[in-house]
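Just below is one structure, and these are the notes that go with it.
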Amino acid sequence: MPNNDWVHRTTRQHLTRHSPASMEARFGEPFKNVDGEPFHVDWIFNPDLAAVEGRPTKYWIITSDLITLMTVAEQAVVDTATQATRRDQIVTQLDQVEDLLRAFMQVVLDEVNVLRFEHGLAPRTLAQLRKVVRDKLGS
């Protein structure tokens with residue numbers, strides 16, 4: 001008896017216990033080939049997930065109908081990119097949201113710049129502050 005599992009080739013979305021009929025109802029397109037067998041060009045039907053069991057889908061590599069796990073080095077690259085993106089999103093909030101944290105940071109920056117001026121130092125810019133905050137995230 002088939003498991004009726006499906007994995008999307010691009011997004012790596014994993015759906016369990018979905019018959020071709022339920023996939024057709026969900027996505028509004030055929031999930032059978034001309035012979036009536038489960039098939040869709042974007043989905044793998046009943047894939048072998050033994051190599052990736054318990055691992056996040058972001059570490060899966062899909063080649064044809066084969067799903068394998070990235071090497072440790074490849075996973076590290078994915079993690080680094082994910083962390084950089086997350087940090088960039090957090091820092092972007094400083095420019096997009098007028099909230100208490102942003103206002104507080106601007107007040108502190110203004111106060112620091114008064115002290116820097118009194119000591120003959122150049123003022124710090126908001127761009128410099130964003131860079132320092134981004135670099136401190138996760139440390």
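Residues are named by chain letter and number: chains run A, B, ... in the order of the structure tokens, numbers start at 1 in each chain, and ligands are numbered from 1 in the order shown.
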Shell around segment 83-85 of chain A at 12 Å using only C-alpha atoms, local window under 4 positions removed, as a list of chain:residue names: A:Ala76, A:Val77, A:Val78, A:Asp79, A:Gln89, A:Ile90, A:Val91, A:Thr92, A:Arg134, A:Asp135, A:Lys136, A:Leu137, A:Gly138, A:Ser139
Close residues, Tyr59 of chain A itself excluded, 6 Å, only C-alpha atoms, min 2 positions apart in chain, as an MDAnalysis selection string
chainID A and resid 56:57 69:70
Once you have the residues from the selection above, write them out as a compact mmCIF listing (two decimals), in the first residue's frame, restricted to N, CA and C atoms.
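Generated file (part_8.txt):
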# COMPACT_ATOMS: atom_id res chain seq x y z
N PRO A 56 16.16 19.22 8.51
CA PRO A 56 15.35 20.29 7.91
C PRO A 56 15.41 20.24 6.38
N THR A 57 14.30 20.59 5.75
CA THR A 57 14.24 20.54 4.29
C THR A 57 15.22 21.51 3.63
N LEU A 69 21.06 14.45 1.32
CA LEU A 69 21.38 15.46 2.31
C LEU A 69 22.64 16.22 1.89
N MET A 70 22.64 17.52 2.10
CA MET A 70 23.84 18.32 1.82
C MET A 70 24.99 17.86 2.71
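Residue nearest Thr11 of chain A, chosen from A:Phe117, A:Phe104, A:Trp43, A:Phe27 and counting only C-alpha atoms: A:Trp43.
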field: Residue list (strand (DSSP E), DSSP) for chain A, as a ChimeraX atom specification
entry: /A:6-8,14-15,43-45,60-63,66-69
Counting only C-alpha atoms, closest pick from A:Leu126, A:Ala50, A:Ile62, A:Val72 relative to Asn113 of chain A is A:Leu126
- Task: Name all residues at most 9 Å from segment 108-110 of chain A (count only C-alpha atoms; drop same-chain ones fewer than 3 positions away) and give them as a list in words.
- Result: Ala103, Phe104, Met105, Asn113, Val114, Leu115, Pro123, Arg124, Thr125, Leu126 and Leu129 of chain A
For the residues in that selection, give me N, CA and C atoms as a short mmCIF file (atom, residue, chain, number, x, y, z; two decimals), in the first residue's frame.
data_model
loop_
_atom_site.label_atom_id
_atom_site.label_comp_id
_atom_site.auth_asym_id
_atom_site.auth_seq_id
_atom_site.Cartn_x
_atom_site.Cartn_y
_atom_site.Cartn_z
N ALA A 103 13.58 55.14 18.17
CA ALA A 103 13.66 56.47 18.78
C ALA A 103 14.72 56.48 19.89
N PHE A 104 14.75 55.44 20.69
CA PHE A 104 15.74 55.36 21.77
C PHE A 104 17.16 55.33 21.19
N MET A 105 17.35 54.54 20.15
CA MET A 105 18.68 54.47 19.54
C MET A 105 19.11 55.82 18.98
N ASN A 113 27.03 61.61 20.16
CA ASN A 113 27.62 62.61 19.25
C ASN A 113 27.92 63.92 19.96
N VAL A 114 27.11 64.32 20.96
CA VAL A 114 27.43 65.51 21.76
C VAL A 114 28.77 65.30 22.47
N LEU A 115 28.95 64.15 23.08
CA LEU A 115 30.21 63.85 23.78
C LEU A 115 31.38 63.79 22.79
N PRO A 123 31.16 62.99 14.42
CA PRO A 123 29.94 62.30 14.86
C PRO A 123 29.78 60.94 14.19
N ARG A 124 29.08 60.07 14.87
CA ARG A 124 28.72 58.77 14.30
C ARG A 124 27.42 58.94 13.52
N THR A 125 27.32 58.24 12.41
CA THR A 125 26.11 58.32 11.59
C THR A 125 25.17 57.16 11.91
N LEU A 126 23.93 57.31 11.47
CA LEU A 126 22.96 56.22 11.65
C LEU A 126 23.41 54.98 10.87
N LEU A 129 25.90 53.19 12.93
CA LEU A 129 25.21 52.51 14.03
C LEU A 129 24.56 51.22 13.55
#
Residue with the minimum atom-to-atom distance to Trp60 of chain A, picked from A:Arg130, A:His8, A:Arg116, A:Arg102 with only C-alpha atoms counted, is A:His8
What's the 10 Å shell around Ile61 of chain A, counting only C-alpha atoms, without same-chain residues fewer than 3 positions away, as a PDB file with C-alpha atoms, in the first residue's frame?
ATOM      1  CA  ARG A   9      10.916  19.551  -6.313  1.00  0.00           C
ATOM      2  CA  THR A  10      11.526  23.292  -5.863  1.00  0.00           C
ATOM      3  CA  ARG A  12      10.812  20.935  -0.804  1.00  0.00           C
ATOM      4  CA  VAL A  52      17.145  13.091   5.006  1.00  0.00           C
ATOM      5  CA  THR A  57      14.244  20.541   4.287  1.00  0.00           C
ATOM      6  CA  LYS A  58      16.618  23.468   3.756  1.00  0.00           C
ATOM      7  CA  SER A  64      15.512  14.050 -10.456  1.00  0.00           C
ATOM      8  CA  LEU A  66      16.473  11.353  -5.606  1.00  0.00           C
ATOM      9  CA  ILE A  67      16.543  13.294  -2.335  1.00  0.00           C
ATOM     10  CA  THR A  68      19.897  13.471  -0.546  1.00  0.00           C
ATOM     11  CA  LEU A  69      21.379  15.458   2.310  1.00  0.00           C
ATOM     12  CA  MET A  70      23.839  18.320   1.821  1.00  0.00           C
ATOM     13  CA  THR A  71      27.356  17.856   3.104  1.00  0.00           C
TER      14      THR A  71
END
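Reported to one decimal place, the separation of atom CA of Arg17 of chain A from atom CA of Asp65 of chain A is 18.4 Å.
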task: Taking the DSSP assignment computed from this structure's backbone, write out as an MDAnalysis selection string all residues of chain A that belong to helix (DSSP H, G or I).
output: chainID A and resid 20:27 50:52 57:59 72:96 100:118 126:136
### Task
Extract, using only C-alpha atoms, all DNA, RNA and protein residues at most 12 Å from Ser19 of chain A, discarding same-chain residues fewer than 2 positions from it, and format them as a ChimeraX atom specification.
/A:1-6,15-17,21-26,30-32,37-39,45-46
Using only C-alpha atoms, the residue out of A:His40, A:His18, A:Arg87, A:Arg55 with shortest distance to Val132 of chain A is A:Arg87
